[in-house]
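Below: the structure, in structure tokens.
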Amino acid sequence: MREFLALIHYNLWILPALLAIPLLGAGTIFLTCRSAPSDPDAEYSCGDRVRNLALGVLLFEFVLSTGLWWAFDPNMAGWQFHVDLPWLPDLQSRFTVGIDGISLFMVLLTTLLMPMAVMGDWTSVRTKLRTHYALLMVLTTGIIGVFISLDLLLFYVFWEIMLVPMYFIIGIWGGSRRVYASEKFFIYTMGGSLLMLVALTMVWHTSGAATFAYDDILASTALAPVHSLWLFGAFFIAFAIKVPLFPFHTWLPDAHVEAPTGGSVILAGVMLKMGAYGFLRFGLPLFPAVALEPAVRGAILGLAVVSIVYGALVAMVQPDLKKLVAYSSISHLGFVMLGIFALTVQSVQGALMIMISHGISTAGLFLLVGMLYERSHTRDIAAFGGIARSVPMFAALLTLVAMSSIGVPGTNGFVGEFLVLVGSYQTYPIAAILAASGVIFAAVYLLWALQRVLFNPLTRPENATLADLNRRELSVMGVIAVIIVWLGVAPGPVLRRMELASRNLVQQVERGHAFATTQKRVVDGD
Amino acid sequence: MFFDLAVPSQLMLAVLPEIVVIVGAMILLLWAGWGDDSPERTRQVTGGAAIVSTIALALVCWLWASGTTITPGLIAADNFRWASSAIVLIGTILTLLLAIDYNERLGIISGEAAVLVLLATAGMMLLVAARDLMIVFLGVELTSIAIYVLAGIDRRSAKGAEAALKYFLLGSFSSAFLLYGIALVYGAVGSANLTVIGDRLADPLVSGGSLFTVGLALLLVGFGFKVAVVPFHMWTPDVYDGAPTPYTAYMASAVKAAAFAAFLRVTLEALPNAFEQWHTALWWLAAITMVGGNIVALAQRNIKRMLAYSSIAHAGYLLVALVTGTSAGVAALVFYLLAYSLATIGAFAVVSSLAGPDDRMADLERYTGLWTVRPGLAVAMAVFMLALLGFPLAGGIGFFAKWYVLQAALQAPSPQTRLAVLLVITSAISAGYYLYVIVVMFMRPRDPAAAQPREAQFATRFVIAASVAVILLLGIYPNPIVRLARSSAPADRAIAPPVLGAGAPLAPAAPLLPAAALVGTP
């Protein structure tokens, strides 16, 4: 496989291709079925054509991206698949993309979840199909761009650009409070990222780097401590909103609940990871001295633990199944933040692992909730009960995905949470112990929900006649089930690919911190 | 090409574009006055005016490309002038195209309106070329008087008449401020020539004198009125709302661009040695303009008023570029003016095409669900809103414009970090009203009983399509415009090295007091 990929120069064109294919797909989708939009029958058959086309493009994208798995060299430090093209010579910015062990899985997660979001959410979007799927394509490009950009300005452009399609997806095809949710989502994210833009310009300017290239800036960062606290703060707010970290999380329940199922899958599955990725790629390496400052680090770890416990407790009392899943995301992302800022090789790997497995399992949960909603037109937990008898396949899959979300050993959720807890116990035992309670709470809220939805007596007659999953839904959920078990039983290949990058990151940040400390001592005259 | 202003033929060549515009205006005036008033004639005259502007634009580009230099005198012939003239002329051409459709829609038979637009344009071209305060005043008056009339060109509209009168009263008021300021500066310095003023102000006795300080303050007030910054902005929403939409677009784009260009030339060529004095004043004007414009815009439900407040807010962003006092700031300002003008004209073109037969339907409610009936217009409007918001790619060039201003502010010798932060915070606030337009157009269901908006007419459609295309293309590849903007900025030596320490002064450090001690350094 590797020889074949090398033969076709896979490493030279794959990343630009991953960006370009969805855009071409968007154009094609927009040009399909332009005729007879008023004829409802034509609209319908046309609808399937548009969906098939969108799914085809995204599957093609996924198949292409799987080559990354084999072509990626786990023993090579630095960027792989590096592509560097001129873009804005007058603004010192270039089109530079590349991936390492951290971004590899983010890209793969994106390309995997995108077709799933389309396939698992086949029927819920009924109006303006062409626009919807064209926006999904643009969104794909934006998200992948965020994960592979190695130029700060390019990163910023992608970071903002993925906001627009998501804003429209929530605002046009969302639930009843969609306008409020979409505006809140947009303004929160944009407010944070504009501050990041100022900080980014300041970082570039004060570092004295010649260009906006990530490597250049990293190599020449010499920030005064006073400045870097503010600059880190700006990056922190932008990323913390995206993660979201308590208390910046209030947009999340609104956006996730109001978004259409496919949108929720992408929001929770991929877009939440962008905040965590931002910390790994920019927050820590650019500002090692600030991020490892005991007060700052302690405060962030504290917020992470609060997020874990708070998210779990609020999830416990939700009457709405989708809201429950949304709050559980806050709790899980708290683990990710704990792992990142505990900053041991294990905890960082664990954080990455949670990012992947949360993507898979939350996508599964949102898809299942969406499927249930399609059938019963409610997400109220109280409206169900005992439906395991009428929809056995649904019940089995929901149980499996819930187990993965809880982190039961043998599922993917266990690996990441275990690594984070073990890794962070070495540096921050109290935080790790408090965080461990989140696992227990997760078991409580998910099992309780399972009981109320699937198992209690079947009291409502309309629930007895619910249709079980059809073949399309089964195939999507089957893929998710396979991945859950595979990552739970044999995470080795994944961990091996991310190990070097995690180790380098930890060493680099610690080196930067040590350097800054000695420098400070020199300045202070100790 | 070298111009010696003492040689008449070379002087003529240096003001050739202006001459073309004025002669064209005279001929068109005769043509419009000859014979019957008919819609046909009105359209021909307006089209003729667009052609004249296009010729002038071509001449400007030719002079720009030929790399002109000039002996010091009343007018300048530098890249900055050509760039500003080009922006003004582009705005004029697009306005005239909108006016063709507007006249037809409202049944206005008045070819003279197009002549007035040309005269105003000639005034603006003089204004951006002026290197003498008298020429500045001449340009301002030529522009303003034509525009007072244009604001009330629809005689049947009471609102238009109100706008015209308001603009006339406040405009003459501000012209008086400007003129008085010019007189006092002339009295203090002994010359109205910008270069001479700049040299003489090196003497702290001159620049610290109270005569000059009062004159400077009055100048700033006068320019503040013309570019509509808070607190001199009160006329803007009423005039923008009452004036016919194409001429509102004209005021918001070309007129604002020209006034800013003149403001910039005066501050940077004549007043570098009084940097400390105007810097603090403009710093505060920029800050309150950004905050005030954006916050009041949030409350608007009439799209023309909303765009009026948005234009005030953008004046604040432009002032940030001006406050830096560096050549990067000049380049950022030119770049921003182009991006802003295109997006504003485009937005007003959409408003104009939806304005209905009496040009009075500017209520945002009418845009509800526009996407379902006029998808093209709705998408174009979304692009303009995102461009004004400064969003990358989807807002095209708007992002680079804002980013360029940010960069100029942060890289100035005295970094304007606080202004930069205020700029992005107020930009985030502005998302509230720009997005509201998008929400209304895309996310609200259209009342099936609502009247179908009419198809956009041909010229309007062309204006919208051209603006969208240019905005989006330059949003992906802004390099050519960046290069042009950079070449239009003077070399940094022409500008006083502003050394103020880090950040802008926090306390309102009495900008208008005699500050002889501060400006003592040559």
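In the structure tokens, chains take the letters A, B, ... in the order shown, each chain's residues start at 1, and ligands count up from 1 in the order shown.
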For chain B against chain A, which residues fall within 8 Å using only C-alpha atoms, given as a compact mmCIF listing (two decimals) with N, CA and C atoms, in the first residue's frame?
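As a result, out22.txt now contains:
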# COMPACT_ATOMS: atom_id res chain seq x y z
N PHE B 391 -15.61 39.68 7.06
CA PHE B 391 -15.52 38.24 7.20
C PHE B 391 -14.66 37.67 6.08
N PRO B 392 -13.77 36.72 6.36
CA PRO B 392 -12.92 36.20 5.28
C PRO B 392 -13.71 35.36 4.26
N LEU B 393 -13.22 35.34 3.06
CA LEU B 393 -13.74 34.60 1.90
C LEU B 393 -15.19 34.92 1.58
N ALA B 394 -16.13 34.56 2.48
CA ALA B 394 -17.53 34.83 2.17
C ALA B 394 -17.76 36.33 2.08
N LEU B 406 -5.93 46.71 10.93
CA LEU B 406 -5.44 46.17 12.20
C LEU B 406 -3.92 46.09 12.21
N GLN B 407 -3.40 45.56 11.09
CA GLN B 407 -1.95 45.41 11.02
C GLN B 407 -1.26 46.76 11.10
N LEU B 410 -1.32 47.99 14.63
CA LEU B 410 -0.47 47.28 15.58
C LEU B 410 1.01 47.47 15.28
N GLN B 411 1.32 47.85 14.04
CA GLN B 411 2.74 47.97 13.69
C GLN B 411 3.23 49.39 13.69
N ALA B 420 -7.04 48.87 18.27
CA ALA B 420 -7.21 47.62 17.53
C ALA B 420 -8.18 46.71 18.25
N VAL B 421 -8.04 46.61 19.56
CA VAL B 421 -8.94 45.75 20.32
C VAL B 421 -10.36 46.30 20.25
N VAL B 424 -11.92 45.37 16.93
CA VAL B 424 -12.47 44.02 16.76
C VAL B 424 -13.69 43.82 17.65
N ILE B 425 -13.70 44.43 18.82
CA ILE B 425 -14.88 44.25 19.68
C ILE B 425 -16.09 44.90 19.02
N ALA B 428 -17.35 42.79 16.30
CA ALA B 428 -18.19 41.68 16.78
C ALA B 428 -19.59 42.21 17.09
N ALA B 431 -21.71 42.49 14.06
CA ALA B 431 -22.32 41.25 13.58
C ALA B 431 -23.80 41.23 13.93
N GLY B 432 -24.16 41.86 15.04
CA GLY B 432 -25.56 41.87 15.47
C GLY B 432 -26.48 42.44 14.41
N LEU B 435 -25.81 40.58 10.62
CA LEU B 435 -26.41 39.25 10.58
C LEU B 435 -27.92 39.33 10.62
N VAL B 439 -30.47 37.08 8.70
CA VAL B 439 -31.52 36.31 9.36
C VAL B 439 -32.86 36.60 8.71
N PHE B 442 -32.96 35.08 5.11
CA PHE B 442 -32.80 33.65 4.89
C PHE B 442 -33.58 32.79 5.87
N MET B 443 -33.79 33.27 7.06
CA MET B 443 -34.26 32.35 8.10
C MET B 443 -35.70 32.62 8.53
N TYR B 477 -7.70 36.69 -3.73
CA TYR B 477 -6.38 37.10 -4.21
C TYR B 477 -6.27 38.62 -4.18
N PRO B 478 -6.03 39.22 -3.01
CA PRO B 478 -6.01 40.68 -2.92
C PRO B 478 -4.69 41.31 -3.35
N ASN B 479 -3.72 40.49 -3.78
CA ASN B 479 -2.37 41.03 -3.99
C ASN B 479 -2.30 42.27 -4.86
N VAL B 482 -3.44 45.25 -2.93
CA VAL B 482 -2.49 45.55 -1.85
C VAL B 482 -1.30 46.31 -2.41
N ARG B 483 -0.82 45.83 -3.57
CA ARG B 483 0.36 46.47 -4.16
C ARG B 483 0.04 47.91 -4.57
Q: Please report, as a PyMOL selection string, each residue of segment 97-346 of chain B to which DSSP assigns alpha helix (DSSP H) when run on this structure's backbone.
A: chain B and resi 97-106+112-129+133-151+158-189+194-200+204-207+210-227+235-242+245-250+256-265+275-298+303-324+327-346
Q. Please, what distance in Å, to one decimal, runs between atom CA of Ser329 of chain A and atom CA of Val146 of chain A?
A. 20.8 Å
Q) Of the residues A:Met271, A:Met353, A:Leu229, A:Ala382, which is the one nearest to Val296 of chain A, using only C-alpha atoms? A)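 Among the listed residues, A:Leu229 lies closest to Val296 of chain A.
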Q: List the neighbours of Gly385 of chain A out to 6 Å using only C-alpha atoms; skip same-chain residues closer than 5 positions along the sequence, and give me the result as a list in words.
A: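 After dropping sequence-adjacent residues, the list is Arg452, Val453, Leu454, Phe455, Asn456, Pro457 and Leu458 of chain A.
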Q. Any idea what's packed within 9 Å of segment 236-250 of chain B, counting only C-alpha atoms, ignoring anything in its chain fewer than 2 positions away? Could you give it as a ChimeraX atom specification?
A. /B:91-92,94-99,102,117,147,150-154,157-164,166-167,228,232-234,252-256,302-309,311-312,341,344-349,351-352,355,359-360,362
Q.
Using only C-alpha atoms for the distances, tell me which of A:Val336, A:Ala134, A:Ala481, A:Ile330 is nearest to Ile360 of chain A.
A. A:Ala481
Mind running segment 212-317 of chain A against segment 499-511 of chain A at 12 Å and telling me each contacting residue's nearest atom pair with the distance in Å (one decimal), counting only C-alpha atoms, chain and number ascending, as JSON lines?
{"residue": "A:Leu218", "atom": "CA", "partner": "A:Gln508", "partner_atom": "CA", "distance": 10.4}
{"residue": "A:Ala219", "atom": "CA", "partner": "A:Gln508", "partner_atom": "CA", "distance": 11.3}
{"residue": "A:Phe279", "atom": "CA", "partner": "A:Leu505", "partner_atom": "CA", "distance": 11.2}
{"residue": "A:Leu280", "atom": "CA", "partner": "A:Leu505", "partner_atom": "CA", "distance": 7.9}
{"residue": "A:Arg281", "atom": "CA", "partner": "A:Leu505", "partner_atom": "CA", "distance": 8.7}
{"residue": "A:Phe282", "atom": "CA", "partner": "A:Leu505", "partner_atom": "CA", "distance": 10.7}
{"residue": "A:Gly283", "atom": "CA", "partner": "A:Val509", "partner_atom": "CA", "distance": 10.1}
{"residue": "A:Leu284", "atom": "CA", "partner": "A:Val509", "partner_atom": "CA", "distance": 6.5}
{"residue": "A:Pro285", "atom": "CA", "partner": "A:Val509", "partner_atom": "CA", "distance": 5.6}
{"residue": "A:Leu286", "atom": "CA", "partner": "A:Val509", "partner_atom": "CA", "distance": 8.5}
{"residue": "A:Phe287", "atom": "CA", "partner": "A:Val509", "partner_atom": "CA", "distance": 8.2}
{"residue": "A:Pro288", "atom": "CA", "partner": "A:Val509", "partner_atom": "CA", "distance": 5.1}
{"residue": "A:Ala289", "atom": "CA", "partner": "A:Val509", "partner_atom": "CA", "distance": 8.1}
{"residue": "A:Val290", "atom": "CA", "partner": "A:Val509", "partner_atom": "CA", "distance": 10.4}
{"residue": "A:Ala291", "atom": "CA", "partner": "A:Val509", "partner_atom": "CA", "distance": 8.8}
{"residue": "A:Leu292", "atom": "CA", "partner": "A:Glu510", "partner_atom": "CA", "distance": 8.1}
{"residue": "A:Glu293", "atom": "CA", "partner": "A:Glu510", "partner_atom": "CA", "distance": 11.1}
(Q) Nearest residue to Gly175 of chain A out of A:Val257, A:Val479, A:Met393, A:Leu24, using only C-alpha atoms? (A)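 Closest candidate: A:Val257.
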